[in-house]
Structure formats: structure tokens, C-alpha cells
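K.L.:
Submitted below is the structure of interest, expressed as C-alpha cells.
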Amino acid sequence: MREYEECSTLVIGGSRGIGRQIALKFAENGYKVCVAAKTTESNEKQPGTIYDVVKEIEDKGGKAFPVCCDVRTEENITNTLSRCVEQFGHLDVAVYNAGAVLWKSVQETPLKRWDLMNQVNARGAYCMVQNILPHMLERKTGRLILVSPPIYNRFFKGKTPYSMTKVAMTVLVHGLANELQETGVSISALWPATVIESHVTQVRNLAPCYMRKSTIFADACFGIAEEKTDKLNGKALIDEDYLRSEGVTDFSKYRCDPNQEPDRMMPKQLPSLLVAEELNDPPVSSKL
């Protein structure tokens with residue numbers, strides 16, 4: 001990725017938690033960072049703002065600027081992307097970490113709440129990807145990273161409405177990868193193997209032994225961004241497993257409880273989505 005003296009990245013959903021840590025990780029490694037999110041004023045329910053993260057980066061000698069971005073509107077996303085290109089001259093990496101969450105059954109999830117999750121999760125990710133693609137394809141380089149899970153049945157249980165909107169993001173990763181072959185641009189999904197420490201886990205008083213620090217996710221995200229080949233194009237990755245594939249063996253530094261490794265919430269093996277007819281052209285009906 002180091003074609004330019006200074007690389008640049010956009011982190012949408014970067015005001016707190018995993019997104020904040022991703023922004024810090026890229027800045028610490030010489031990237032110029034656009035920190036984009038909806039939160040511009042801190043409160044008890046949503047502590048931390050885009051301005052706080054930018055100040056934190058700048059205090060450490062990094063370069064960053066904030067953009068208020070409500071991903072429910074296309075105009076906000078396109079404006080954010082335009083400002084990144086204007087500010088940086090180019091955009092090398094775009095990370096979509098914005099998310100709306102409600103882990104309830106179909107009967108317990110009102111359509112209005114599903115619409116919100118779909119807007120923030122699937123639609124927002126699609127909008128970011130579609131609008132930045134021309135820029136990256138023209139430059140013949142770029143990394144797109146979506147925070148979304150591998151596809152497997154157990155993930156849907158107890159949270160089907162939420163899963164519909166997150167798995168749609170992963171379908172975008174798998175499908176778009178076919179269009180990006182040999183372009184220099186790649187897209188990947190990333191998901192944590194364990195619970196990650198966040199404001200939500202603090203509010204719920206989750207014991208440290210169940211969690212890892214958000215630094216593990218940021219390290220994996222940065223590794224994906226720095227991959228010089230297209231081997232990760234179309235992959236739905238898990239942070240721990242990806243880092244292991246890159247030679248990491250000691251994960252103790254990521255523990256929230258230094259004396260205990262947290263249990264995985266993700267399976268150690270995932271089903272393949274490939275079929276025997278994978279290389280056959282799909283049948284296309286001539287009837288509309």
C-alpha cells in the first residue's frame with residue numbers, strides 16, 4: 001500500500017470503541033486519518049466524539065481531521081468521501097465500522113427498528129463502497145474493509161433481523177470481490193473472535209475475563225490494509241485467525257483480564273460457501 005509517502009484512511013464509525021482504536025492504529029503507523037461518525041457531542045449514553053479522537057491522534061503527533069457523518073443519508077457519506085479526497089489528495093483505505101444493533105427475535109423487532117439497522121448497516125456500507133470505488137479503481141489501488149461476520153447458521157439464532165442487515169454486508173464483500181479481480185482494489189470483512197471491550201460492555205458490567213481489548217481488532221484491520229496482494233479480496237476474516245495466519249502466536253497482550261484468555265464466541269471452523277459449479281456461468285433468464 002505504500003505507493004505514496006503518506007497513506008490515508010477513512011474510518012466511518014470512528015468516535016469510540018473499535019472504530020476509535022482503528023483510527024489510532026492507522027495514525028500511529030503514519031496514515032493520515034479521517035475520523036467520521038455522527039457523534040459530535042459526548043454524553044453518558046454516547047461518550048466520545050470525532051473531535052476527541054482527532055485530538056488524541058494529534059496529541060501523539062499524528063494527522064487527522066473530523067467529519068460529522070450520519071450514514072443514513074447518502075449525501076453525508078458522499079460529502080465525507082469528497083472531503084477525504086480533497087483533504088488528502090487520495091484515499092487508500094476505507095473502513096466501515098458504523099453499526100446499529102438490536103439482538104432480538106423477529107417478533108420482538110419492529111419494522112421501524114429493522115429499517116434503522118438496515119440503513120446504518122447494509123445500506124450505509126453499500127453507499128460508501130459504491131461511491132469510493134471509482135476513485136480507487138482509477139488509481140488501481142485501495143482497500144475496503146467492512147465490519148461484518150462470516151456467514152453461518154448459528155449467527156442468526158435469536159437475532160435474525162440484525163443478522164439480515166449484517167450478513168448483507170458480507171454478501172457485498174463476497175460478491176464485489178469477483179468484480180475487483182486484477183484491479184488493485186480489494187474488499188474484505190472482519191469480525192472479532194471474542195467479545196471486545198466497549199462502552200456497552202462497561203455499562204453491562206461484563207467481567208474482564210470474557211473480553212479482549214479493541215487493539216486486537218485494530219491490529220488485524222491494519223494488517224489487512226497493508227496487504228500488498230489480493231489474497232484477502234472477498235474474504236470474511238476473524239481477527240484472531242487472521243493474525244495467527246500472519247504468525248502471531250501470543251495473544252496475552254490483548255486480554256482484558258491478564259490472567260485469563262477469553263472464550264471465543266466465533267466457531268473455529270466455518271462452512272465454505274463454494275459449490276462444485278462455482279466456475280460455471282449462472283443461468284440468466286431472457287424473460288423480464
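Lettering and numbering for the C-alpha cells are positional, with chains as A, B, ... in the shown order, residues counted from 1 in each chain, and ligands counted from 1 in the shown order.
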As a PyMOL selection string, which residues of range 41-262 of chain A does DSSP assign to helix (DSSP H, G or I)?
P.N.:
chain A and resi 50-59+74-88+111-139+153-156+160-179+199-203+208-210+215-226+239-245+252-254
K.L.:
Each residue of range 225-248 of chain A lying at most 8 Å from range 144-167 of chain A should get a row with its shortest atom-to-atom pair and the distance in Å to one decimal, counting only C-alpha atoms; could you produce that, ordered by chain and increasing number, as JSON lines?
P.N.:
{"residue": "A:Ala225", "atom": "CA", "partner": "A:Ile145", "partner_atom": "CA", "distance": 7.9}
{"residue": "A:Ala236", "atom": "CA", "partner": "A:Pro150", "partner_atom": "CA", "distance": 5.3}
{"residue": "A:Leu237", "atom": "CA", "partner": "A:Pro150", "partner_atom": "CA", "distance": 7.0}
{"residue": "A:Ile238", "atom": "CA", "partner": "A:Pro149", "partner_atom": "CA", "distance": 8.0}
K.L.:
Find the residues around Asp263 in chain A up to 9 Å (only C-alpha atoms counted), leave out those fewer than 3 positions away in its own chain, and share them as a list in words.
P.N.:
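In the requested format, the answer is Ala193, Thr194, Val195, Cys209, Tyr210 and Met211 of chain A.
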K.L.:
Using only C-alpha atoms, find each residue in range 183-249 of chain A having at least one atom no more than 12 Å away from range 43-60 of chain A; report its shortest atom-to-atom pair and that distance in Å (one decimal), rows by chain then rising number, as JSON lines.
P.N.:
{"residue": "A:Ser198", "atom": "CA", "partner": "A:Pro47", "partner_atom": "CA", "distance": 10.7}
{"residue": "A:His199", "atom": "CA", "partner": "A:Pro47", "partner_atom": "CA", "distance": 7.9}
{"residue": "A:Val200", "atom": "CA", "partner": "A:Lys45", "partner_atom": "CA", "distance": 9.2}
{"residue": "A:Gln202", "atom": "CA", "partner": "A:Lys45", "partner_atom": "CA", "distance": 11.5}
{"residue": "A:Val203", "atom": "CA", "partner": "A:Lys45", "partner_atom": "CA", "distance": 9.3}
K.L.:
Quote the spacing between CA of Ala98 in chain A and CA of Ile187 in chain A in Å to one decimal place.
P.N.:
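A separation of 16.5 Å between them.
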K.L.:
I want to know what sits within 9 Å of Val101 in chain A, based on only C-alpha atoms, with residues of the same chain fewer than 2 positions away left out; could you give that as a list in words?
P.N.:
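Everything that qualifies: Gly99, Trp103, Met117, Asn121 and Tyr162 of chain A.
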K.L.:
Only all heavy atoms, please: the residues just picked out, written as a short mmCIF file (atom, residue, chain, number, x, y, z; two decimals), in the first residue's frame.
P.N.:
data_model
loop_
_atom_site.label_atom_id
_atom_site.label_comp_id
_atom_site.auth_asym_id
_atom_site.auth_seq_id
_atom_site.Cartn_x
_atom_site.Cartn_y
_atom_site.Cartn_z
N GLY A 99 -22.51 1.03 12.95
CA GLY A 99 -23.42 -0.10 13.15
C GLY A 99 -24.58 0.23 14.06
O GLY A 99 -24.46 1.03 14.99
N TRP A 103 -30.35 -7.16 19.27
CA TRP A 103 -30.33 -8.61 19.23
C TRP A 103 -31.64 -9.16 19.80
O TRP A 103 -31.72 -9.55 20.95
CB TRP A 103 -29.14 -9.15 20.02
CG TRP A 103 -27.83 -9.02 19.29
CD1 TRP A 103 -27.56 -8.23 18.22
CD2 TRP A 103 -26.62 -9.71 19.59
NE1 TRP A 103 -26.26 -8.37 17.83
CE2 TRP A 103 -25.65 -9.28 18.65
CE3 TRP A 103 -26.26 -10.64 20.56
CZ2 TRP A 103 -24.35 -9.75 18.66
CZ3 TRP A 103 -24.96 -11.12 20.56
CH2 TRP A 103 -24.01 -10.68 19.63
N MET A 117 -31.60 -0.41 11.37
CA MET A 117 -30.43 -1.29 11.26
C MET A 117 -30.02 -1.47 9.81
O MET A 117 -28.82 -1.46 9.49
CB MET A 117 -30.70 -2.65 11.92
CG MET A 117 -30.77 -2.58 13.44
SD MET A 117 -30.75 -4.22 14.22
CE MET A 117 -32.39 -4.84 13.78
N ASN A 121 -26.42 -0.33 8.67
CA ASN A 121 -25.52 -1.45 8.40
C ASN A 121 -25.37 -1.70 6.90
O ASN A 121 -24.36 -1.33 6.30
CB ASN A 121 -26.02 -2.71 9.11
CG ASN A 121 -26.06 -2.53 10.63
OD1 ASN A 121 -25.40 -1.66 11.18
ND2 ASN A 121 -26.86 -3.34 11.30
N TYR A 162 -31.30 -8.44 12.94
CA TYR A 162 -29.96 -7.84 12.93
C TYR A 162 -29.05 -8.58 11.95
O TYR A 162 -28.32 -7.95 11.16
CB TYR A 162 -29.38 -7.89 14.33
CG TYR A 162 -27.91 -7.54 14.43
CD1 TYR A 162 -27.48 -6.22 14.35
CD2 TYR A 162 -26.95 -8.54 14.64
CE1 TYR A 162 -26.13 -5.89 14.45
CE2 TYR A 162 -25.60 -8.22 14.74
CZ TYR A 162 -25.20 -6.91 14.64
OH TYR A 162 -23.86 -6.60 14.75
#
K.L.:
Can you list every residue of range 100-216 of chain A that has an atom at most 7 Å from range 69-90 of chain A, with its nearest atom pair and the distance in Å to one decimal, using only C-alpha atoms, ordered by chain then number, as a Markdown table?
P.N.:
| residue | atom | partner | partner_atom | distance |
| --- | --- | --- | --- | --- |
| A:Gln119 | CA | A:Arg72 | CA | 5.5 |
| A:Val120 | CA | A:Arg72 | CA | 5.7 |
| A:Gly124 | CA | A:Val71 | CA | 5.3 |
| A:Cys127 | CA | A:Glu74 | CA | 6.6 |
| A:Met128 | CA | A:Ile77 | CA | 6.3 |
| A:Asn131 | CA | A:Thr78 | CA | 6.7 |
| A:Ile132 | CA | A:Leu81 | CA | 6.9 |
K.L.:
Those same residues - N, CA and C atoms - I'd like them written as a PDB file, in the first residue's frame.
P.N.:
ATOM      1  N   GLN A 119     -30.563   0.588   7.309  1.00  0.00           N
ATOM      2  CA  GLN A 119     -29.997   1.846   6.821  1.00  0.00           C
ATOM      3  C   GLN A 119     -28.540   2.009   7.250  1.00  0.00           C
ATOM      4  N   VAL A 120     -28.288   1.771   8.527  1.00  0.00           N
ATOM      5  CA  VAL A 120     -26.949   2.001   9.076  1.00  0.00           C
ATOM      6  C   VAL A 120     -25.980   0.902   8.653  1.00  0.00           C
ATOM      7  N   GLY A 124     -25.687   1.740   4.417  1.00  0.00           N
ATOM      8  CA  GLY A 124     -24.569   2.657   4.606  1.00  0.00           C
ATOM      9  C   GLY A 124     -23.279   2.099   4.036  1.00  0.00           C
ATOM     10  N   CYS A 127     -23.409   2.193   0.253  1.00  0.00           N
ATOM     11  CA  CYS A 127     -23.246   3.563  -0.228  1.00  0.00           C
ATOM     12  C   CYS A 127     -21.778   3.988  -0.203  1.00  0.00           C
ATOM     13  N   MET A 128     -21.085   3.683   0.893  1.00  0.00           N
ATOM     14  CA  MET A 128     -19.671   4.045   0.972  1.00  0.00           C
ATOM     15  C   MET A 128     -18.873   3.351  -0.119  1.00  0.00           C
ATOM     16  N   ASN A 131     -19.603   4.572  -3.778  1.00  0.00           N
ATOM     17  CA  ASN A 131     -19.164   5.929  -4.082  1.00  0.00           C
ATOM     18  C   ASN A 131     -17.652   6.108  -4.097  1.00  0.00           C
ATOM     19  N   ILE A 132     -16.919   5.261  -3.371  1.00  0.00           N
ATOM     20  CA  ILE A 132     -15.455   5.399  -3.372  1.00  0.00           C
ATOM     21  C   ILE A 132     -14.804   4.527  -4.442  1.00  0.00           C
TER      22      ILE A 132
END
K.L.:
Neighbours of Gly61 in chain A within 10 Å (only C-alpha atoms; same-chain residues fewer than 6 positions away dropped), as a list of chain:residue names?
P.N.:
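Final neighbour list, sorted by chain and number: A:Ala27, A:Glu28, A:Gly30, A:Lys55.
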K.L.:
Name the residues in contact with Gly175 in chain A at a cut-off of 12 Å, using only C-alpha atoms, excluding same-chain residues fewer than 4 positions from it; report them as a PDB file with all heavy atoms, in the first residue's frame.
P.N.:
ATOM      1  N   TYR A 126     -22.981  -0.187   1.654  1.00  0.00           N
ATOM      2  CA  TYR A 126     -23.112  -0.206   0.198  1.00  0.00           C
ATOM      3  C   TYR A 126     -22.852   1.170  -0.394  1.00  0.00           C
ATOM      4  O   TYR A 126     -22.144   1.316  -1.404  1.00  0.00           O
ATOM      5  CB  TYR A 126     -24.508  -0.691  -0.197  1.00  0.00           C
ATOM      6  CG  TYR A 126     -24.713  -0.831  -1.677  1.00  0.00           C
ATOM      7  CD1 TYR A 126     -24.350  -1.996  -2.343  1.00  0.00           C
ATOM      8  CD2 TYR A 126     -25.267   0.212  -2.423  1.00  0.00           C
ATOM      9  CE1 TYR A 126     -24.536  -2.125  -3.710  1.00  0.00           C
ATOM     10  CE2 TYR A 126     -25.448   0.087  -3.800  1.00  0.00           C
ATOM     11  CZ  TYR A 126     -25.088  -1.078  -4.427  1.00  0.00           C
ATOM     12  OH  TYR A 126     -25.263  -1.203  -5.784  1.00  0.00           O
ATOM     13  N   ALA A 168     -25.802  -9.057   4.927  1.00  0.00           N
ATOM     14  CA  ALA A 168     -25.872  -8.375   3.628  1.00  0.00           C
ATOM     15  C   ALA A 168     -24.550  -7.684   3.314  1.00  0.00           C
ATOM     16  O   ALA A 168     -24.119  -7.632   2.158  1.00  0.00           O
ATOM     17  CB  ALA A 168     -27.007  -7.359   3.635  1.00  0.00           C
ATOM     18  N   MET A 169     -23.884  -7.174   4.347  1.00  0.00           N
ATOM     19  CA  MET A 169     -22.582  -6.544   4.154  1.00  0.00           C
ATOM     20  C   MET A 169     -21.553  -7.573   3.696  1.00  0.00           C
ATOM     21  O   MET A 169     -20.716  -7.303   2.830  1.00  0.00           O
ATOM     22  CB  MET A 169     -22.135  -5.870   5.449  1.00  0.00           C
ATOM     23  CG  MET A 169     -23.034  -4.739   5.903  1.00  0.00           C
ATOM     24  SD  MET A 169     -22.686  -4.179   7.599  1.00  0.00           S
ATOM     25  CE  MET A 169     -21.015  -3.522   7.422  1.00  0.00           C
ATOM     26  N   THR A 170     -21.616  -8.756   4.264  1.00  0.00           N
ATOM     27  CA  THR A 170     -20.681  -9.817   3.901  1.00  0.00           C
ATOM     28  C   THR A 170     -20.950 -10.338   2.492  1.00  0.00           C
ATOM     29  O   THR A 170     -20.015 -10.689   1.760  1.00  0.00           O
ATOM     30  CB  THR A 170     -20.751 -10.960   4.925  1.00  0.00           C
ATOM     31  OG1 THR A 170     -20.627 -10.409   6.249  1.00  0.00           O
ATOM     32  CG2 THR A 170     -19.632 -11.962   4.711  1.00  0.00           C
ATOM     33  N   VAL A 171     -22.219 -10.377   2.101  1.00  0.00           N
ATOM     34  CA  VAL A 171     -22.555 -10.742   0.718  1.00  0.00           C
ATOM     35  C   VAL A 171     -21.935  -9.733  -0.243  1.00  0.00           C
ATOM     36  O   VAL A 171     -21.415 -10.097  -1.306  1.00  0.00           O
ATOM     37  CB  VAL A 171     -24.082 -10.821   0.527  1.00  0.00           C
ATOM     38  CG1 VAL A 171     -24.434 -11.011  -0.949  1.00  0.00           C
ATOM     39  CG2 VAL A 171     -24.678 -11.955   1.359  1.00  0.00           C
ATOM     40  N   GLU A 179     -15.806  -8.767  -9.013  1.00  0.00           N
ATOM     41  CA  GLU A 179     -15.681  -7.627  -9.922  1.00  0.00           C
ATOM     42  C   GLU A 179     -14.341  -6.915  -9.769  1.00  0.00           C
ATOM     43  O   GLU A 179     -13.945  -6.143 -10.648  1.00  0.00           O
ATOM     44  CB  GLU A 179     -16.822  -6.637  -9.679  1.00  0.00           C
ATOM     45  CG  GLU A 179     -18.209  -7.241  -9.812  1.00  0.00           C
ATOM     46  CD  GLU A 179     -19.307  -6.298  -9.347  1.00  0.00           C
ATOM     47  OE1 GLU A 179     -19.137  -5.069  -9.517  1.00  0.00           O
ATOM     48  OE2 GLU A 179     -20.328  -6.783  -8.812  1.00  0.00           O
ATOM     49  N   LEU A 180     -13.662  -7.150  -8.641  1.00  0.00           N
ATOM     50  CA  LEU A 180     -12.428  -6.422  -8.351  1.00  0.00           C
ATOM     51  C   LEU A 180     -11.157  -7.197  -8.708  1.00  0.00           C
ATOM     52  O   LEU A 180     -10.060  -6.677  -8.508  1.00  0.00           O
ATOM     53  CB  LEU A 180     -12.387  -6.063  -6.863  1.00  0.00           C
ATOM     54  CG  LEU A 180     -13.453  -5.088  -6.372  1.00  0.00           C
ATOM     55  CD1 LEU A 180     -13.290  -4.822  -4.879  1.00  0.00           C
ATOM     56  CD2 LEU A 180     -13.400  -3.778  -7.156  1.00  0.00           C
ATOM     57  N   GLN A 181     -11.309  -8.403  -9.237  1.00  0.00           N
ATOM     58  CA  GLN A 181     -10.130  -9.200  -9.559  1.00  0.00           C
ATOM     59  C   GLN A 181      -9.213  -8.465 -10.530  1.00  0.00           C
ATOM     60  O   GLN A 181      -9.661  -7.918 -11.531  1.00  0.00           O
ATOM     61  CB  GLN A 181     -10.552 -10.546 -10.160  1.00  0.00           C
ATOM     62  CG  GLN A 181     -11.232 -11.456  -9.154  1.00  0.00           C
ATOM     63  CD  GLN A 181     -11.639 -12.789  -9.768  1.00  0.00           C
ATOM     64  OE1 GLN A 181     -11.145 -13.180 -10.808  1.00  0.00           O
ATOM     65  NE2 GLN A 181     -12.543 -13.489  -9.108  1.00  0.00           N
ATOM     66  N   SER A 186      -9.230  -4.181  -3.345  1.00  0.00           N
ATOM     67  CA  SER A 186      -9.776  -5.381  -2.712  1.00  0.00           C
ATOM     68  C   SER A 186     -10.741  -5.002  -1.609  1.00  0.00           C
ATOM     69  O   SER A 186     -10.695  -3.892  -1.064  1.00  0.00           O
ATOM     70  CB  SER A 186      -8.665  -6.267  -2.148  1.00  0.00           C
ATOM     71  OG  SER A 186      -8.132  -5.711  -0.965  1.00  0.00           O
ATOM     72  N   ILE A 187     -11.623  -5.931  -1.281  1.00  0.00           N
ATOM     73  CA  ILE A 187     -12.601  -5.725  -0.213  1.00  0.00           C
ATOM     74  C   ILE A 187     -12.587  -6.951   0.701  1.00  0.00           C
ATOM     75  O   ILE A 187     -12.513  -8.093   0.231  1.00  0.00           O
ATOM     76  CB  ILE A 187     -14.016  -5.470  -0.784  1.00  0.00           C
ATOM     77  CG1 ILE A 187     -15.005  -5.151   0.349  1.00  0.00           C
ATOM     78  CG2 ILE A 187     -14.505  -6.646  -1.638  1.00  0.00           C
ATOM     79  CD1 ILE A 187     -16.344  -4.618  -0.149  1.00  0.00           C
ATOM     80  N   SER A 188     -12.634  -6.708   2.009  1.00  0.00           N
ATOM     81  CA  SER A 188     -12.622  -7.789   2.997  1.00  0.00           C
ATOM     82  C   SER A 188     -13.606  -7.458   4.116  1.00  0.00           C
ATOM     83  O   SER A 188     -13.912  -6.291   4.369  1.00  0.00           O
ATOM     84  CB  SER A 188     -11.225  -7.970   3.606  1.00  0.00           C
ATOM     85  OG  SER A 188     -10.242  -8.137   2.616  1.00  0.00           O
ATOM     86  N   ALA A 189     -14.081  -8.501   4.791  1.00  0.00           N
ATOM     87  CA  ALA A 189     -14.889  -8.342   6.000  1.00  0.00           C
ATOM     88  C   ALA A 189     -14.047  -8.768   7.192  1.00  0.00           C
ATOM     89  O   ALA A 189     -13.178  -9.634   7.070  1.00  0.00           O
ATOM     90  CB  ALA A 189     -16.154  -9.192   5.918  1.00  0.00           C
ATOM     91  N   ASN A 233      -8.924 -10.463  -0.866  1.00  0.00           N
ATOM     92  CA  ASN A 233     -10.095  -9.961  -1.578  1.00  0.00           C
ATOM     93  C   ASN A 233     -11.246 -10.953  -1.489  1.00  0.00           C
ATOM     94  O   ASN A 233     -11.107 -12.123  -1.854  1.00  0.00           O
ATOM     95  CB  ASN A 233      -9.736  -9.723  -3.052  1.00  0.00           C
ATOM     96  CG  ASN A 233     -10.877  -9.098  -3.833  1.00  0.00           C
ATOM     97  OD1 ASN A 233     -11.623  -8.276  -3.322  1.00  0.00           O
ATOM     98  ND2 ASN A 233     -11.004  -9.484  -5.091  1.00  0.00           N
ATOM     99  N   GLY A 234     -12.378 -10.505  -0.961  1.00  0.00           N
ATOM    100  CA  GLY A 234     -13.559 -11.355  -0.844  1.00  0.00           C
ATOM    101  C   GLY A 234     -13.592 -12.236   0.381  1.00  0.00           C
ATOM    102  O   GLY A 234     -14.521 -13.028   0.554  1.00  0.00           O
ATOM    103  N   LYS A 235     -12.613 -12.086   1.279  1.00  0.00           N
ATOM    104  CA  LYS A 235     -12.553 -12.938   2.463  1.00  0.00           C
ATOM    105  C   LYS A 235     -13.330 -12.329   3.633  1.00  0.00           C
ATOM    106  O   LYS A 235     -13.258 -11.134   3.882  1.00  0.00           O
ATOM    107  CB  LYS A 235     -11.106 -13.149   2.901  1.00  0.00           C
ATOM    108  CG  LYS A 235     -10.203 -13.780   1.848  1.00  0.00           C
ATOM    109  CD  LYS A 235     -10.651 -15.180   1.486  1.00  0.00           C
ATOM    110  CE  LYS A 235      -9.662 -15.825   0.517  1.00  0.00           C
ATOM    111  NZ  LYS A 235     -10.096 -17.178   0.118  1.00  0.00           N
ATOM    112  N   ALA A 236     -14.048 -13.185   4.356  1.00  0.00           N
ATOM    113  CA  ALA A 236     -14.684 -12.806   5.614  1.00  0.00           C
ATOM    114  C   ALA A 236     -13.795 -13.339   6.731  1.00  0.00           C
ATOM    115  O   ALA A 236     -13.791 -14.540   7.011  1.00  0.00           O
ATOM    116  CB  ALA A 236     -16.091 -13.391   5.706  1.00  0.00           C
ATOM    117  N   LEU A 273     -18.741 -21.511   1.359  1.00  0.00           N
ATOM    118  CA  LEU A 273     -19.908 -21.126   0.570  1.00  0.00           C
ATOM    119  C   LEU A 273     -19.742 -21.508  -0.899  1.00  0.00           C
ATOM    120  O   LEU A 273     -20.622 -21.245  -1.714  1.00  0.00           O
ATOM    121  CB  LEU A 273     -20.131 -19.609   0.679  1.00  0.00           C
ATOM    122  CG  LEU A 273     -20.386 -19.078   2.094  1.00  0.00           C
ATOM    123  CD1 LEU A 273     -20.561 -17.567   2.060  1.00  0.00           C
ATOM    124  CD2 LEU A 273     -21.605 -19.735   2.723  1.00  0.00           C
TER     125      LEU A 273
END
K.L.:
Have a look at CA of Gly13 in chain A and CA of Val173 in chain A and let me know their distance in Å, one decimal.
P.N.:
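Computing it gives 18.4 Å between the two atoms.
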K.L.:
Skipping near chain neighbours, those fewer than 4 positions away, what residues fall within 12 Å of Ser252 in chain A using only C-alpha atoms, listed as an MDAnalysis selection string?
P.N.:
chainID A and resid 209 211:213 215:216 240 248 256:262
K.L.:
Hey, can you spit out that residue selection with all heavy atoms as a tab-separated table (two decimals), in the first residue's frame?
P.N.:
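File written: part-v3.tsv
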chain	number	residue	atom	x	y	z
A	209	CYS	N	-12.74	-11.05	32.19
A	209	CYS	CA	-12.27	-12.35	31.72
A	209	CYS	C	-12.96	-12.80	30.43
A	209	CYS	O	-12.49	-13.72	29.76
A	209	CYS	CB	-12.46	-13.40	32.81
A	209	CYS	SG	-14.18	-13.68	33.29
A	211	MET	N	-13.48	-10.77	27.83
A	211	MET	CA	-13.24	-9.82	26.75
A	211	MET	C	-11.77	-9.67	26.37
A	211	MET	O	-10.89	-9.97	27.16
A	211	MET	CB	-13.76	-8.43	27.17
A	211	MET	CG	-15.22	-8.36	27.49
A	211	MET	SD	-15.69	-6.69	27.99
A	211	MET	CE	-14.87	-6.56	29.58
A	212	ARG	N	-11.58	-9.18	25.14
A	212	ARG	CA	-10.28	-8.72	24.70
A	212	ARG	C	-10.33	-7.20	24.47
A	212	ARG	O	-11.40	-6.62	24.27
A	212	ARG	CB	-9.86	-9.41	23.39
A	212	ARG	CG	-9.29	-10.81	23.59
A	212	ARG	CD	-8.87	-11.39	22.27
A	212	ARG	NE	-8.20	-12.69	22.46
A	212	ARG	CZ	-8.25	-13.67	21.59
A	212	ARG	NH1	-8.96	-13.54	20.48
A	212	ARG	NH2	-7.61	-14.80	21.81
A	213	LYS	N	-9.16	-6.60	24.46
A	213	LYS	CA	-9.06	-5.17	24.15
A	213	LYS	C	-9.30	-4.95	22.66
A	213	LYS	O	-9.05	-5.83	21.83
A	213	LYS	CB	-7.67	-4.65	24.53
A	213	LYS	CG	-7.33	-4.83	26.00
A	213	LYS	CD	-5.88	-4.46	26.27
A	213	LYS	CE	-5.50	-4.72	27.71
A	213	LYS	NZ	-4.06	-4.44	27.97
A	215	THR	N	-7.62	-3.39	20.71
A	215	THR	CA	-6.37	-3.35	19.95
A	215	THR	C	-6.20	-4.56	19.05
A	215	THR	O	-5.54	-4.46	18.01
A	215	THR	CB	-5.17	-3.24	20.91
A	215	THR	OG1	-5.29	-4.23	21.95
A	215	THR	CG2	-5.09	-1.85	21.55
A	216	ILE	N	-6.76	-5.71	19.41
A	216	ILE	CA	-6.62	-6.89	18.56
A	216	ILE	C	-7.33	-6.68	17.23
A	216	ILE	O	-6.82	-7.04	16.16
A	216	ILE	CB	-7.14	-8.17	19.26
A	216	ILE	CG1	-6.84	-9.40	18.37
A	216	ILE	CG2	-8.63	-8.09	19.58
A	216	ILE	CD1	-7.16	-10.73	19.03
A	240	GLU	N	-8.59	-12.86	15.33
A	240	GLU	CA	-7.59	-13.78	15.87
A	240	GLU	C	-7.03	-14.71	14.79
A	240	GLU	O	-5.81	-14.90	14.68
A	240	GLU	CB	-8.19	-14.61	17.00
A	240	GLU	CG	-7.24	-15.65	17.56
A	240	GLU	CD	-7.88	-16.56	18.60
A	240	GLU	OE1	-8.87	-16.14	19.25
A	240	GLU	OE2	-7.39	-17.69	18.77
A	248	VAL	N	1.24	-14.47	14.35
A	248	VAL	CA	1.05	-14.10	15.75
A	248	VAL	C	0.66	-15.34	16.55
A	248	VAL	O	-0.24	-16.09	16.17
A	248	VAL	CB	-0.05	-13.02	15.90
A	248	VAL	CG1	-0.27	-12.68	17.37
A	248	VAL	CG2	0.33	-11.77	15.11
A	256	CYS	N	-8.28	-8.55	28.51
A	256	CYS	CA	-8.72	-7.54	29.48
A	256	CYS	C	-8.39	-8.01	30.90
A	256	CYS	O	-8.07	-7.21	31.77
A	256	CYS	CB	-10.21	-7.28	29.34
A	256	CYS	SG	-10.64	-6.37	27.84
A	257	ASP	N	-8.50	-9.31	31.13
A	257	ASP	CA	-8.03	-9.93	32.36
A	257	ASP	C	-6.68	-10.57	32.04
A	257	ASP	O	-6.62	-11.55	31.29
A	257	ASP	CB	-9.02	-10.99	32.84
A	257	ASP	CG	-8.58	-11.67	34.14
A	257	ASP	OD1	-7.38	-11.59	34.48
A	257	ASP	OD2	-9.44	-12.30	34.79
A	258	PRO	N	-5.59	-10.03	32.55
A	258	PRO	CA	-4.26	-10.53	32.17
A	258	PRO	C	-4.02	-11.99	32.52
A	258	PRO	O	-3.11	-12.61	31.98
A	258	PRO	CB	-3.31	-9.62	32.96
A	258	PRO	CG	-4.12	-9.05	34.07
A	258	PRO	CD	-5.51	-8.94	33.54
A	259	ASN	N	-4.86	-12.55	33.40
A	259	ASN	CA	-4.65	-13.92	33.85
A	259	ASN	C	-5.54	-14.95	33.16
A	259	ASN	O	-5.46	-16.14	33.47
A	259	ASN	CB	-4.86	-14.01	35.37
A	259	ASN	CG	-3.89	-13.14	36.13
A	259	ASN	OD1	-2.68	-13.16	35.85
A	259	ASN	ND2	-4.39	-12.35	37.07
A	260	GLN	N	-6.40	-14.49	32.25
A	260	GLN	CA	-7.33	-15.44	31.64
A	260	GLN	C	-7.61	-15.10	30.19
A	260	GLN	O	-7.94	-13.96	29.86
A	260	GLN	CB	-8.65	-15.48	32.43
A	260	GLN	CG	-9.61	-16.55	31.92
A	260	GLN	CD	-10.77	-16.77	32.87
A	260	GLN	OE1	-10.67	-16.45	34.06
A	260	GLN	NE2	-11.86	-17.30	32.36
A	261	GLU	N	-7.50	-16.11	29.34
A	261	GLU	CA	-7.83	-15.95	27.92
A	261	GLU	C	-9.35	-16.08	27.77
A	261	GLU	O	-9.95	-17.03	28.25
A	261	GLU	CB	-7.14	-17.05	27.10
A	261	GLU	CG	-7.15	-16.81	25.61
A	261	GLU	CD	-6.28	-15.64	25.20
A	261	GLU	OE1	-5.23	-15.40	25.84
A	261	GLU	OE2	-6.65	-14.96	24.23
A	262	PRO	N	-9.99	-15.12	27.13
A	262	PRO	CA	-11.46	-15.19	27.00
A	262	PRO	C	-11.90	-16.28	26.03
A	262	PRO	O	-11.16	-16.64	25.10
A	262	PRO	CB	-11.82	-13.80	26.45
A	262	PRO	CG	-10.59	-13.34	25.75
A	262	PRO	CD	-9.44	-13.90	26.52
K.L.:
Write out as a ChimeraX atom specification the set of residues from range 33-101 of chain A that DSSP, computed on the backbone, places in strand (DSSP E).
P.N.:
/A:33-37,63-68,93-96
K.L.:
At what distance in Å, to one decimal, does CA of Tyr254 in chain A lie from CA of Pro208 in chain A?
P.N.:
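CA of Tyr254 in chain A lies 11.2 Å from CA of Pro208 in chain A.
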K.L.:
Out of A:Arg143, A:His174, A:Lys112, A:Lys253, which residue has the shortest atom-to-atom distance to Lys228 in chain A when counting only C-alpha atoms?
P.N.:
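Looking only at the distances to Lys228 in chain A, the closest residue turns out to be A:Arg143.
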